[in-house]
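Quick look at upload-v8.txt (compact mmCIF, C-alpha atoms and all ligand atoms):
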```
# COMPACT_ATOMS: atom_id res chain seq x y z
CA MET A 1 127.22 87.39 105.41
CA SER A 2 127.03 90.35 103.06
CA ILE A 3 124.24 91.53 100.84
CA ASN A 4 124.76 91.06 97.14
CA THR A 5 124.05 94.65 96.10
CA GLU A 6 124.88 94.06 92.45
CA LYS A 7 122.46 91.16 92.27
CA TYR A 8 119.81 93.28 93.95
CA LYS A 9 120.13 95.99 91.34
CA GLN A 10 120.19 93.43 88.54
CA ILE A 11 116.98 91.83 89.74
CA LEU A 12 115.27 95.20 90.09
CA GLN A 13 116.26 96.02 86.55
CA LYS A 14 114.93 92.73 85.28
CA ILE A 15 111.54 93.11 86.89
CA GLN A 16 111.15 96.82 86.34
CA GLY A 17 107.49 97.71 86.27
CA LYS A 18 106.43 94.10 85.85
CA ALA A 19 106.77 92.61 89.30
CA THR A 20 107.28 93.33 92.97
CA LEU A 21 110.41 91.98 94.62
CA VAL A 22 109.85 90.50 98.05
CA ALA A 23 113.21 90.09 99.77
CA VAL A 24 112.99 86.88 101.77
CA SER A 25 114.79 87.65 105.00
CA LYS A 26 114.12 84.56 107.11
CA ILE A 27 117.08 83.70 109.36
CA ARG A 28 118.71 87.01 108.36
CA SER A 29 119.56 89.63 110.92
CA VAL A 30 117.99 93.01 111.50
CA ASP A 31 121.23 94.58 110.26
CA GLU A 32 121.13 92.66 107.01
CA ILE A 33 117.54 93.75 106.47
CA MET A 34 118.52 97.35 107.16
CA THR A 35 121.21 97.18 104.49
CA LEU A 36 118.60 96.39 101.87
CA TYR A 37 116.18 98.86 103.41
CA LYS A 38 118.71 101.63 102.93
CA LEU A 39 118.90 100.71 99.25
CA GLY A 40 115.16 101.34 99.06
CA GLN A 41 113.75 97.86 99.59
CA ARG A 42 110.44 97.86 101.49
CA ASP A 43 108.86 94.46 100.87
CA PHE A 44 110.28 91.70 103.04
CA GLY A 45 109.13 88.11 103.44
CA GLU A 46 109.34 85.98 106.58
CA ASN A 47 108.43 82.37 107.34
CA TYR A 48 108.34 82.19 111.12
CA VAL A 49 105.93 84.05 113.37
CA GLN A 50 108.22 84.63 116.37
CA GLU A 51 111.04 85.77 114.17
CA LEU A 52 108.82 88.15 112.25
CA PHE A 53 107.34 89.56 115.44
CA HIS A 54 110.79 90.16 116.90
CA LYS A 55 112.05 91.87 113.73
CA GLN A 56 109.10 94.14 113.10
CA GLU A 57 109.46 95.62 116.57
CA ARG A 58 113.02 96.60 115.76
CA LEU A 59 112.68 97.78 112.19
CA PRO A 60 111.10 100.79 110.45
CA THR A 61 107.33 100.83 110.37
CA ASP A 62 107.12 101.47 106.64
CA ILE A 63 108.38 97.98 105.86
CA ARG A 64 105.70 95.87 104.20
CA TRP A 65 105.91 92.46 105.88
CA HIS A 66 104.83 89.46 103.85
CA PHE A 67 104.19 86.26 105.69
CA ILE A 68 105.21 83.59 103.18
CA GLY A 69 105.47 80.42 105.28
CA HIS A 70 102.95 77.90 106.47
CA LEU A 71 100.92 79.78 109.08
CA GLN A 72 99.36 77.98 112.04
CA THR A 73 95.93 79.26 113.04
CA ASN A 74 96.92 79.74 116.68
CA LYS A 75 99.69 82.15 115.68
CA VAL A 76 97.75 84.52 113.46
CA LYS A 77 97.08 86.79 116.44
CA TYR A 78 100.76 87.69 116.78
CA ILE A 79 101.05 89.23 113.31
CA ALA A 80 97.49 90.40 112.62
CA SER A 81 98.07 93.99 113.66
CA PHE A 82 100.84 94.74 111.20
CA VAL A 83 101.24 92.09 108.47
CA HIS A 84 100.93 93.50 104.95
CA LEU A 85 100.14 90.33 103.01
CA ILE A 86 99.69 86.73 104.09
CA GLN A 87 100.88 84.85 101.05
CA ALA A 88 100.43 81.24 101.78
CA VAL A 89 96.88 80.73 102.94
CA ASP A 90 96.21 77.04 102.51
CA SER A 91 92.96 76.32 104.32
CA PHE A 92 89.56 77.81 104.92
CA ASN A 93 90.06 77.48 108.67
CA LEU A 94 93.11 79.65 108.46
CA LEU A 95 91.19 82.28 106.51
CA LYS A 96 88.46 82.32 109.11
CA GLU A 97 91.01 82.89 111.84
CA ILE A 98 92.73 85.66 109.87
CA ASN A 99 89.32 87.26 109.39
CA LYS A 100 88.63 87.06 113.11
CA GLN A 101 91.97 88.57 114.09
CA ALA A 102 91.67 91.26 111.42
CA LEU A 103 88.31 92.24 112.84
CA LYS A 104 89.80 92.44 116.34
CA ASN A 105 92.44 94.79 114.98
CA ASN A 106 89.87 96.78 113.12
CA ARG A 107 91.51 96.22 109.75
CA THR A 108 91.32 94.22 106.56
CA ILE A 109 94.13 91.79 105.86
CA ASP A 110 95.17 90.97 102.32
CA CYS A 111 95.80 87.32 101.55
CA LEU A 112 96.94 85.16 98.67
CA LEU A 113 95.65 81.64 98.27
CA GLN A 114 98.43 79.13 97.97
CA ILE A 115 97.83 76.70 95.15
CA HIS A 116 99.39 73.29 95.09
CA ILE A 117 101.12 73.09 91.71
CA ALA A 118 104.22 71.01 92.47
CA ALA A 119 104.60 67.32 91.91
CA GLU A 120 105.87 67.01 95.46
CA GLN A 121 103.32 66.02 98.06
CA THR A 122 105.08 67.95 100.77
CA LYS A 123 104.00 71.38 99.64
CA PHE A 124 100.86 72.98 100.99
CA GLY A 125 97.99 74.55 99.11
CA PHE A 126 94.53 74.37 97.61
CA SER A 127 93.85 72.32 94.53
CA ALA A 128 92.41 74.04 91.47
CA ASN A 129 89.12 72.24 92.01
CA GLU A 130 88.64 73.68 95.45
CA LEU A 131 88.86 77.24 94.24
CA ASP A 132 85.58 77.71 92.42
CA ALA A 133 83.34 76.80 95.30
CA PHE A 134 85.52 78.80 97.52
CA PHE A 135 85.34 82.08 95.61
CA THR A 136 81.62 81.89 95.12
CA SER A 137 80.27 80.50 98.37
CA ASP A 138 82.81 80.72 101.20
CA LEU A 139 84.51 84.04 100.74
CA PRO A 140 81.70 86.59 100.83
CA ALA A 141 81.11 85.95 104.53
CA LEU A 142 84.61 87.00 105.49
CA LYS A 143 84.47 90.79 105.53
CA ASN A 144 87.87 91.50 107.04
CA ILE A 145 90.03 89.69 104.56
CA ARG A 146 90.67 90.45 100.95
CA ILE A 147 91.93 87.78 98.56
CA THR A 148 94.22 89.67 96.23
CA GLY A 149 95.62 86.79 94.22
CA LEU A 150 97.38 83.46 94.10
CA MET A 151 100.74 82.12 95.21
CA GLY A 152 102.54 78.93 94.30
CA MET A 153 105.79 77.04 94.54
CA ALA A 154 107.07 74.88 91.74
CA THR A 155 108.77 71.54 92.30
CA PHE A 156 112.30 71.88 93.62
CA SER A 157 114.04 70.68 90.48
CA ASP A 158 116.67 71.48 87.86
CA ASP A 159 114.18 70.51 85.21
CA MET A 160 113.06 73.96 84.06
CA ASN A 161 110.52 72.42 81.71
CA LEU A 162 108.73 70.89 84.65
CA VAL A 163 108.95 74.13 86.61
CA ARG A 164 107.68 76.07 83.63
CA THR A 165 104.74 73.73 83.14
CA GLU A 166 103.77 74.16 86.77
CA PHE A 167 103.99 77.94 86.55
CA LYS A 168 101.82 77.82 83.43
CA ILE A 169 99.15 75.94 85.34
CA LEU A 170 99.14 78.59 88.03
CA LYS A 171 99.07 81.41 85.50
CA THR A 172 96.09 79.90 83.72
CA LEU A 173 94.26 79.59 87.00
CA PHE A 174 95.20 83.15 87.89
CA GLU A 175 93.78 84.46 84.63
CA LYS A 176 90.53 82.74 85.36
CA TYR A 177 90.09 84.73 88.59
CA THR A 178 91.62 87.99 87.43
CA PRO A 179 88.30 89.52 86.25
CA LEU A 180 86.70 88.72 89.58
CA LEU A 181 89.45 90.55 91.40
CA THR A 182 89.72 93.53 89.10
CA ASN A 183 85.94 93.99 89.26
CA ALA A 184 86.36 94.27 93.01
CA GLY A 185 88.91 97.04 92.55
CA ILE A 186 91.91 94.83 93.33
CA SER A 187 95.21 94.73 91.45
CA PRO A 188 95.61 90.97 91.17
CA ILE A 189 98.82 89.45 92.47
CA LEU A 190 100.46 86.33 91.12
CA SER A 191 103.28 85.42 93.48
CA MET A 192 105.60 82.86 91.94
CA GLY A 193 109.34 82.53 91.51
CA MET A 194 112.25 82.16 93.93
CA SER A 195 116.02 82.45 93.56
CA ASP A 196 116.36 79.40 91.33
CA ASP A 197 113.34 79.87 89.11
CA TYR A 198 112.30 83.51 89.14
CA GLU A 199 113.34 84.16 85.55
CA THR A 200 111.14 81.33 84.38
CA ALA A 201 108.36 82.61 86.63
CA LEU A 202 108.61 86.11 85.12
CA LEU A 203 108.39 84.63 81.63
CA GLU A 204 105.22 82.88 82.73
CA GLY A 205 103.60 86.05 84.00
CA SER A 206 104.55 86.33 87.64
CA ASN A 207 104.13 89.82 89.09
CA MET A 208 105.62 89.10 92.51
CA ILE A 209 108.83 87.20 93.13
CA ARG A 210 110.20 86.03 96.48
CA ILE A 211 113.98 86.05 96.55
CA GLY A 212 116.15 85.04 99.49
CA SER A 213 119.47 83.36 98.81
CA LEU A 214 120.34 85.36 95.70
CA LEU A 215 120.30 88.50 97.81
CA PHE A 216 121.50 87.29 101.20
CA GLY A 217 123.58 84.25 100.28
CA GLN A 218 122.81 80.57 100.87
CA ARG A 219 121.04 79.65 104.08
CA ASN A 220 122.65 76.89 106.12
C1 LIG B 1 112.52 80.61 101.65
C2 LIG B 1 111.43 80.91 100.68
C3 LIG B 1 111.67 81.68 99.52
C4 LIG B 1 113.03 82.18 99.11
O1 LIG B 1 113.84 81.12 98.69
P1 LIG B 1 115.23 81.38 97.97
O2 LIG B 1 115.45 80.11 97.20
O3 LIG B 1 116.24 81.58 99.03
O4 LIG B 1 115.09 82.54 97.08
C5 LIG B 1 110.59 81.98 98.71
N1 LIG B 1 109.33 81.56 98.99
C6 LIG B 1 109.08 80.80 100.09
C7 LIG B 1 107.68 80.37 100.34
C8 LIG B 1 110.11 80.45 100.96
O5 LIG B 1 109.84 79.70 102.02
```
Once more with this new file: its structure as structure tokens, please.
Ligand SMILES: *Cc1c(COP(=O)(O)O)cnc(C)c1O
Amino acid sequence: MSINTEKYKQILQKIQGKATLVAVSKIRSVDEIMTLYKLGQRDFGENYVQELFHKQERLPTDIRWHFIGHLQTNKVKYIASFVHLIQAVDSFNLLKEINKQALKNNRTIDCLLQIHIAAEQTKFGFSANELDAFFTSDLPALKNIRITGLMGMATFSDDMNLVRTEFKILKTLFEKYTPLLTNAGISPILSMGMSDDYETALLEGSNMIRIGSLLFGQRN
């Protein structure tokens, strides 16, 4: 139950200037989060709405909370006032609800679109084909959200060639939409890479990695 400080520093060194580290703190205690906070970490990722809500009330307000799990539309309202980035938007309905709740809170909420790149059927996300129509026709109506990039999860596998191929697909897609985002004054985010595959993800152009177990130890 202790933070791997050495690993934390190692990862920071590896990504220096190239990527943002999101420390995935799901299931971890407020104290554990504070340990990393005191080392300077500000970006934290959570998967569960209740848990995130509970933690943000008890932790410093300059933490940037990333919601990285599958978000149900009826729960958006609980995090809309403070969430920094909703990373795993996987439906247009969800976006509409985020937009509505953002408006209620008089703010704009940044979102990443989750893209389905893994071979596994279980993972959520848009397909590449859905994106084009989406960017051109659906998005402009939603004034209180900002799509700042893409997020994806590779297949859970030891086969790094497979993982790499999937990351490449996401990177290619990302590059296609980069001009659109930069023209809108956005620094485009490509969120890919977790404890087991972040080095591969960085090689493939990730600029945001989401690391849990390497920092906090294995989850049960
Ligand atoms: C849990 C989780 C992570 C972190 O996983 P680790 O393997 O512990 O690094 C990253 N991204 C998402 C979407 C997660 O749910």
Any idea what the distance is between atom CA of Arg64 of chain A and atom CA of Phe44 of chain A? 6.3 Å
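The environment of Leu71 of chain A within 10 Å, counting only C-alpha atoms and disregarding residues fewer than 4 places along the same chain, consists of Asn47, Tyr48, Val49, Phe67, Lys75, Val76, Ile86, Gln87, Ala88, Val89, Asp90, Ser91 and Leu94 of chain A.
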For chain A against ligand LIG 1 (chain B), with a cut-off of 8 Å and counting only C-alpha atoms and all ligand atoms, what is the closest atom pair and its distance in Å to one decimal for every residue that makes the cut, ordered by chain and number, as a tab-separated table?
```
residue	atom	partner	partner_atom	distance
A:Ala23	CA	B:LIG1	C4	7.9
A:Val24	CA	B:LIG1	C4	5.4
A:Lys26	CA	B:LIG1	C1	6.9
A:Gly45	CA	B:LIG1	C5	7.9
A:Glu46	CA	B:LIG1	O5	7.8
A:Asn47	CA	B:LIG1	O5	6.1
A:Ile68	CA	B:LIG1	C7	5.0
A:Gly69	CA	B:LIG1	C7	5.4
A:Ala88	CA	B:LIG1	C7	7.4
A:Met153	CA	B:LIG1	C7	6.9
A:Gly193	CA	B:LIG1	C5	7.3
A:Met194	CA	B:LIG1	O4	4.3
A:Ser195	CA	B:LIG1	O4	3.6
A:Asp196	CA	B:LIG1	O2	6.0
A:Ile209	CA	B:LIG1	C5	7.8
A:Arg210	CA	B:LIG1	C5	4.6
A:Ile211	CA	B:LIG1	O4	3.7
A:Gly212	CA	B:LIG1	O3	3.5
A:Ser213	CA	B:LIG1	O3	3.7
A:Leu214	CA	B:LIG1	O4	6.1
A:Leu215	CA	B:LIG1	O4	7.9
A:Gly217	CA	B:LIG1	O3	7.9
A:Gln218	CA	B:LIG1	O3	6.9
A:Arg219	CA	B:LIG1	O3	7.2
```
Ranking A:Lys77, A:Gln41, A:Ile33, A:Gln56 by minimum distance to Tyr8 of chain A and counting all atoms listed in the file, which one comes first? A:Gln41
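What separates atom CA of Asp62 of chain A from atom CA of Ser29 of chain A is a distance of 17.7 Å.
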Å distance separating atom CA of Asp110 of chain A from atom CA of Val163 of chain A, one decimal place: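 Separation of atom CA of Asp110 of chain A and atom CA of Val163 of chain A: 26.8 Å.
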Kindly provide the residues of segment 40-102 of chain A that approach segment 136-146 of chain A to within 12 Å, each paired with its closest atom pair and their distance in Å to one decimal, based on only C-alpha atoms, listed by chain and increasing number, as CSV.
```
residue,atom,partner,partner_atom,distance
A:Ala80,CA,A:Ile145,CA,11.0
A:His84,CA,A:Arg146,CA,11.4
A:Leu85,CA,A:Arg146,CA,9.7
A:Ile86,CA,A:Ile145,CA,10.1
A:Gln87,CA,A:Arg146,CA,11.6
A:Val89,CA,A:Ile145,CA,11.4
A:Ser91,CA,A:Asp138,CA,11.5
A:Phe92,CA,A:Asp138,CA,8.2
A:Asn93,CA,A:Asp138,CA,10.9
A:Leu94,CA,A:Ile145,CA,11.2
A:Leu95,CA,A:Ile145,CA,7.7
A:Lys96,CA,A:Leu142,CA,7.1
A:Glu97,CA,A:Leu142,CA,9.9
A:Ile98,CA,A:Ile145,CA,7.2
A:Asn99,CA,A:Asn144,CA,5.1
A:Lys100,CA,A:Asn144,CA,7.6
A:Gln101,CA,A:Asn144,CA,8.7
A:Ala102,CA,A:Asn144,CA,5.8
```
I need the chosen residues saved as a PDB file, keeping the file's coordinate frame, with C-alpha atoms.
```pdb
ATOM      1  CA  ALA A  80      97.490  90.400 112.620  1.00  0.00           C
ATOM      2  CA  HIS A  84     100.930  93.500 104.950  1.00  0.00           C
ATOM      3  CA  LEU A  85     100.140  90.330 103.010  1.00  0.00           C
ATOM      4  CA  ILE A  86      99.690  86.730 104.090  1.00  0.00           C
ATOM      5  CA  GLN A  87     100.880  84.850 101.050  1.00  0.00           C
ATOM      6  CA  VAL A  89      96.880  80.730 102.940  1.00  0.00           C
ATOM      7  CA  SER A  91      92.960  76.320 104.320  1.00  0.00           C
ATOM      8  CA  PHE A  92      89.560  77.810 104.920  1.00  0.00           C
ATOM      9  CA  ASN A  93      90.060  77.480 108.670  1.00  0.00           C
ATOM     10  CA  LEU A  94      93.110  79.650 108.460  1.00  0.00           C
ATOM     11  CA  LEU A  95      91.190  82.280 106.510  1.00  0.00           C
ATOM     12  CA  LYS A  96      88.460  82.320 109.110  1.00  0.00           C
ATOM     13  CA  GLU A  97      91.010  82.890 111.840  1.00  0.00           C
ATOM     14  CA  ILE A  98      92.730  85.660 109.870  1.00  0.00           C
ATOM     15  CA  ASN A  99      89.320  87.260 109.390  1.00  0.00           C
ATOM     16  CA  LYS A 100      88.630  87.060 113.110  1.00  0.00           C
ATOM     17  CA  GLN A 101      91.970  88.570 114.090  1.00  0.00           C
ATOM     18  CA  ALA A 102      91.670  91.260 111.420  1.00  0.00           C
TER      19      ALA A 102
END
```
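Compared by their closest atoms to Lys55 of chain A, and using all atoms listed in the file, the residues A:Asn105, A:Ser25, A:Thr182, A:Thr35 rank with A:Ser25 nearest.
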Using all atoms listed in the file, which of A:Thr108, A:Thr148, A:Leu170, A:Gln121 sits nearest Asn183 of chain A? A:Thr148
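Look at Thr20 of chain A: the protein and nucleic acid residues within 7 Å of it, using all atoms listed in the file and passing over chain neighbours fewer than 2 places away, are A:Val22, A:Asn207, A:Met208, A:Ile209.
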